[in-house]
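Visitor: Have a peek at run02.csv (CSV, C-alpha atoms).
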```
chain,number,residue,atom,x,y,z
A,1,MET,CA,75.7,95.1,117.0
A,2,PHE,CA,77.9,97.5,115.1
A,3,ALA,CA,81.6,96.5,114.6
A,4,ARG,CA,84.6,98.5,113.4
A,5,PHE,CA,87.9,97.0,112.4
A,6,ILE,CA,91.2,98.7,111.5
A,7,VAL,CA,93.0,96.4,109.1
A,8,PRO,CA,96.8,96.3,108.5
A,9,ALA,CA,98.0,98.3,105.5
A,10,ALA,CA,98.5,95.1,103.4
A,11,LEU,CA,94.8,95.0,102.6
A,12,LEU,CA,95.3,98.2,100.5
A,13,LEU,CA,96.7,96.2,97.6
A,14,ALA,CA,93.7,93.8,98.0
A,15,LEU,CA,91.2,96.6,97.6
A,16,ASN,CA,92.9,99.0,95.3
A,17,PRO,CA,94.9,97.5,92.4
A,18,ALA,CA,94.2,100.5,90.2
A,19,VAL,CA,96.7,102.6,92.1
A,20,GLY,CA,99.4,100.6,90.6
A,21,GLN,CA,101.3,99.7,93.8
A,22,ASP,CA,103.2,96.5,94.1
A,23,ALA,CA,103.1,94.2,97.2
A,24,THR,CA,106.1,95.9,98.8
A,25,ASP,CA,104.3,99.3,98.7
A,26,ALA,CA,101.3,97.8,100.5
A,27,THR,CA,103.2,97.6,103.7
A,28,ASN,CA,104.1,101.3,103.7
A,29,GLU,CA,103.6,102.4,107.3
A,30,THR,CA,102.7,106.0,106.2
A,31,ALA,CA,99.6,104.7,104.3
A,32,PRO,CA,96.3,105.5,106.0
A,33,PRO,CA,94.7,102.6,107.8
A,34,ILE,CA,91.9,100.6,106.3
A,35,VAL,CA,88.7,100.8,108.3
A,36,ILE,CA,85.9,98.2,107.9
A,37,ASP,CA,82.5,98.9,109.4
A,38,ALA,CA,79.7,96.3,109.5
A,39,GLU,CA,76.7,95.5,111.5
A,40,HIS,CA,77.7,91.9,112.0
A,41,THR,CA,81.1,90.0,111.9
A,42,ASP,CA,82.1,86.4,112.2
A,43,HIS,CA,85.6,85.0,112.4
A,44,ASP,CA,86.7,81.5,111.7
A,45,LEU,CA,90.4,81.4,112.5
A,46,ARG,CA,90.6,77.6,111.8
A,47,VAL,CA,89.9,78.1,108.1
A,48,GLY,CA,91.1,81.7,107.8
A,49,ILE,CA,87.8,83.4,106.9
A,50,THR,CA,86.3,86.7,108.2
A,51,ARG,CA,82.7,87.5,107.2
A,52,PHE,CA,81.1,90.9,107.4
A,53,ARG,CA,77.4,91.4,107.0
A,54,ASP,CA,74.9,94.2,106.7
A,55,ASP,CA,76.0,97.7,105.7
A,56,VAL,CA,79.7,96.8,105.1
A,57,THR,CA,81.8,99.8,104.4
A,58,ILE,CA,85.5,99.7,103.7
A,59,ARG,CA,87.4,103.0,103.7
A,60,ARG,CA,91.1,103.8,103.1
A,61,GLY,CA,92.0,107.4,102.3
A,62,GLU,CA,89.7,108.3,99.4
A,63,MET,CA,88.9,104.6,98.5
A,64,LEU,CA,85.4,103.6,99.5
A,65,VAL,CA,83.7,100.2,99.1
A,66,ASN,CA,80.1,99.5,100.1
A,67,ALA,CA,78.6,96.0,100.1
A,68,ASP,CA,75.9,94.0,101.8
A,69,GLU,CA,78.3,91.2,102.6
A,70,GLY,CA,82.1,90.6,102.5
A,71,ARG,CA,84.5,87.8,103.1
A,72,ILE,CA,88.3,88.0,103.6
A,73,PHE,CA,90.2,84.8,103.1
A,74,THR,CA,93.7,84.3,104.6
A,75,GLU,CA,96.4,81.7,104.5
A,76,ASP,CA,99.3,81.7,106.9
A,77,GLY,CA,98.2,85.1,108.1
A,78,GLU,CA,98.3,86.7,104.6
A,79,ILE,CA,95.2,87.9,102.8
A,80,THR,CA,94.6,85.8,99.6
A,81,VAL,CA,91.1,86.7,98.4
A,82,ILE,CA,88.5,89.3,99.1
A,83,GLU,CA,84.9,88.7,98.0
A,84,LEU,CA,82.1,91.3,98.3
A,85,SER,CA,78.5,91.1,97.3
A,86,GLY,CA,75.6,93.6,97.2
A,87,LYS,CA,72.7,94.9,95.3
A,88,PRO,CA,75.0,96.3,94.0
A,89,ALA,CA,78.3,96.3,95.8
A,90,THR,CA,80.2,99.6,94.9
A,91,TRP,CA,83.8,100.6,94.7
A,92,GLU,CA,85.4,104.0,94.1
A,93,ASP,CA,88.8,105.5,94.3
A,94,ARG,CA,91.0,108.3,93.0
A,95,LEU,CA,93.8,107.3,90.6
A,96,GLU,CA,97.3,108.7,90.9
A,97,GLY,CA,96.5,111.2,88.1
A,98,GLY,CA,93.5,112.6,90.1
A,99,ASP,CA,90.8,110.9,88.1
A,100,MET,CA,88.0,109.1,89.9
A,101,VAL,CA,87.0,105.5,89.0
A,102,HIS,CA,83.7,103.9,90.1
A,103,GLY,CA,82.6,100.3,89.8
A,104,GLN,CA,79.5,98.4,90.8
A,105,ALA,CA,78.4,94.8,90.5
A,106,LEU,CA,76.5,92.1,92.3
A,107,GLU,CA,79.8,90.6,93.2
A,108,ILE,CA,83.3,92.0,93.5
A,109,HIS,CA,86.1,89.4,93.7
A,110,TYR,CA,89.8,90.3,94.3
A,111,ASP,CA,92.5,87.7,93.9
A,112,VAL,CA,95.4,89.2,95.9
A,113,ILE,CA,97.9,86.7,94.7
A,114,GLU,CA,97.2,87.4,91.0
A,115,ASN,CA,96.4,91.1,91.6
A,116,LEU,CA,93.1,90.7,89.7
A,117,LEU,CA,89.9,92.5,90.4
A,118,THR,CA,86.7,91.0,88.9
A,119,LEU,CA,83.2,92.6,88.8
A,120,THR,CA,80.4,90.2,87.9
A,121,GLY,CA,76.7,90.4,87.7
A,122,GLU,CA,75.3,93.6,86.2
A,123,ALA,CA,78.8,95.0,86.3
A,124,ARG,CA,79.5,98.6,85.5
A,125,LEU,CA,82.8,100.6,85.5
A,126,ARG,CA,83.1,104.4,85.0
A,127,HIS,CA,86.3,106.5,84.8
A,128,ASP,CA,85.7,110.2,85.4
A,129,LYS,CA,88.3,112.5,83.9
```
Take the structure in the file and give it back as structure tokens.

Guide:
Amino acid sequence: MFARFIVPAALLLALNPAVGQDATDATNETAPPIVIDAEHTDHDLRVGITRFRDDVTIRRGEMLVNADEGRIFTEDGEITVIELSGKPATWEDRLEGGDMVHGQALEIHYDVIENLLTLTGEARLRHDK
């Protein structure tokens, strides 16, 4: 079963710290929506975890993330952590200056509270100028 989700704009900050926006910018209503496509999805509202499996694609404007699996953790309705995994999981986006940045790793972890993106396991990062 194929599932498509349109996520509130607050997830932008979670997936795109390189753009340099602060948390107040993430709620900008003019920002394009975040669309998550996956073959399978599970929600556990009691613990605040949404799981995406099989061909996970997250797109927002020019940002693109591909992974085999993903988990979004929430507390009190706010996104706190996003974890993605793949062989490899990939991330790309265009920076404010127009340069492209590409990353890949077995795991991508984003701590929304700390605004910290971590690539682990065969991690690579490339900045095209």

Visitor: For A:Thr118, list every protein, DNA or RNA residue within 12 Å, evaluated using only C-alpha atoms, and leave out those in the same chain fewer than 6 positions away; present the list as an MDAnalysis selection string.

Guide: chainID A and resid 14:17 81:85 91 103:112 124:125

Visitor: Please produce an output containing C-alpha atoms for each residue in the selection, written as a PDB file, in the coordinates of the input.

Guide:
```
ATOM      1  CA  ALA A  14      93.700  93.800  98.000  1.00  0.00           C
ATOM      2  CA  LEU A  15      91.200  96.600  97.600  1.00  0.00           C
ATOM      3  CA  ASN A  16      92.900  99.000  95.300  1.00  0.00           C
ATOM      4  CA  PRO A  17      94.900  97.500  92.400  1.00  0.00           C
ATOM      5  CA  VAL A  81      91.100  86.700  98.400  1.00  0.00           C
ATOM      6  CA  ILE A  82      88.500  89.300  99.100  1.00  0.00           C
ATOM      7  CA  GLU A  83      84.900  88.700  98.000  1.00  0.00           C
ATOM      8  CA  LEU A  84      82.100  91.300  98.300  1.00  0.00           C
ATOM      9  CA  SER A  85      78.500  91.100  97.300  1.00  0.00           C
ATOM     10  CA  TRP A  91      83.800 100.600  94.700  1.00  0.00           C
ATOM     11  CA  GLY A 103      82.600 100.300  89.800  1.00  0.00           C
ATOM     12  CA  GLN A 104      79.500  98.400  90.800  1.00  0.00           C
ATOM     13  CA  ALA A 105      78.400  94.800  90.500  1.00  0.00           C
ATOM     14  CA  LEU A 106      76.500  92.100  92.300  1.00  0.00           C
ATOM     15  CA  GLU A 107      79.800  90.600  93.200  1.00  0.00           C
ATOM     16  CA  ILE A 108      83.300  92.000  93.500  1.00  0.00           C
ATOM     17  CA  HIS A 109      86.100  89.400  93.700  1.00  0.00           C
ATOM     18  CA  TYR A 110      89.800  90.300  94.300  1.00  0.00           C
ATOM     19  CA  ASP A 111      92.500  87.700  93.900  1.00  0.00           C
ATOM     20  CA  VAL A 112      95.400  89.200  95.900  1.00  0.00           C
ATOM     21  CA  ARG A 124      79.500  98.600  85.500  1.00  0.00           C
ATOM     22  CA  LEU A 125      82.800 100.600  85.500  1.00  0.00           C
TER      23      LEU A 125
END
```

Visitor: Pull the neighbourhood of (80.7, 93.1, 100.6) for me: all residues within 6 Å in file coordinates, counting only C-alpha atoms, as number ranges by chain.

Guide: A: 56, 67-70, 84-85

Visitor: For A:Phe52, which residue out of A:His40, A:Thr90, A:Glu114, A:Val65 is the nearest one, using all atoms listed in the file?

Guide: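 The answer is A:His40, which sits nearest to A:Phe52.
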
Visitor: Under the rule that only C-alpha atoms are counted, which of A:Lys129, A:Leu119, A:Ile79, A:Asn66 is the nearest residue to A:Gly98?

Guide: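 Among A:Lys129, A:Leu119, A:Ile79, A:Asn66, it is A:Lys129 that comes nearest to A:Gly98.
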
Visitor: One decimal, in Å: what's the spacing between atom CA of A:Lys87 and atom CA of A:Thr120?

Guide: 11.7 Å

Visitor: Interatomic distance between atom CA of A:Thr74 and atom CA of A:Ile49?

Guide: 6.4 Å

Visitor: List as a PyMOL selection string the protein and nucleic acid residues near A:Gly77, meaning an atom at most 10 Å away when all atoms listed in the file are counted, but skip any in the same chain fewer than 3 places from it.

Guide: chain A and resi 45+48+73-74+80

Visitor: Using C-alpha atoms, can you export the residues from the last selection as a CSV table (one decimal), keeping the file's coordinate frame?

Guide:
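The resulting file, out_38.csv, is reproduced below:
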```csv
chain,number,residue,atom,x,y,z
A,45,LEU,CA,90.4,81.4,112.5
A,48,GLY,CA,91.1,81.7,107.8
A,73,PHE,CA,90.2,84.8,103.1
A,74,THR,CA,93.7,84.3,104.6
A,80,THR,CA,94.6,85.8,99.6
```

Visitor: Quick one, how far is atom CA of A:Ala38 from atom CA of A:His127?

Guide: 27.5 Å

Visitor: Ranking A:Glu39, A:Glu122, A:Asp128, A:Asp54 by minimum distance to A:Pro88 and counting all atoms listed in the file, which one comes first?

Guide: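 So, comparing all the options, the nearest one is A:Glu122.
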
Visitor: Measuring atom to atom with only C-alpha atoms, identify which of A:Gly86, A:Thr41, A:Glu92, A:Ile58 is nearest to A:Gly121.

Guide: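 Selected residue with least distance to A:Gly121: A:Gly86.
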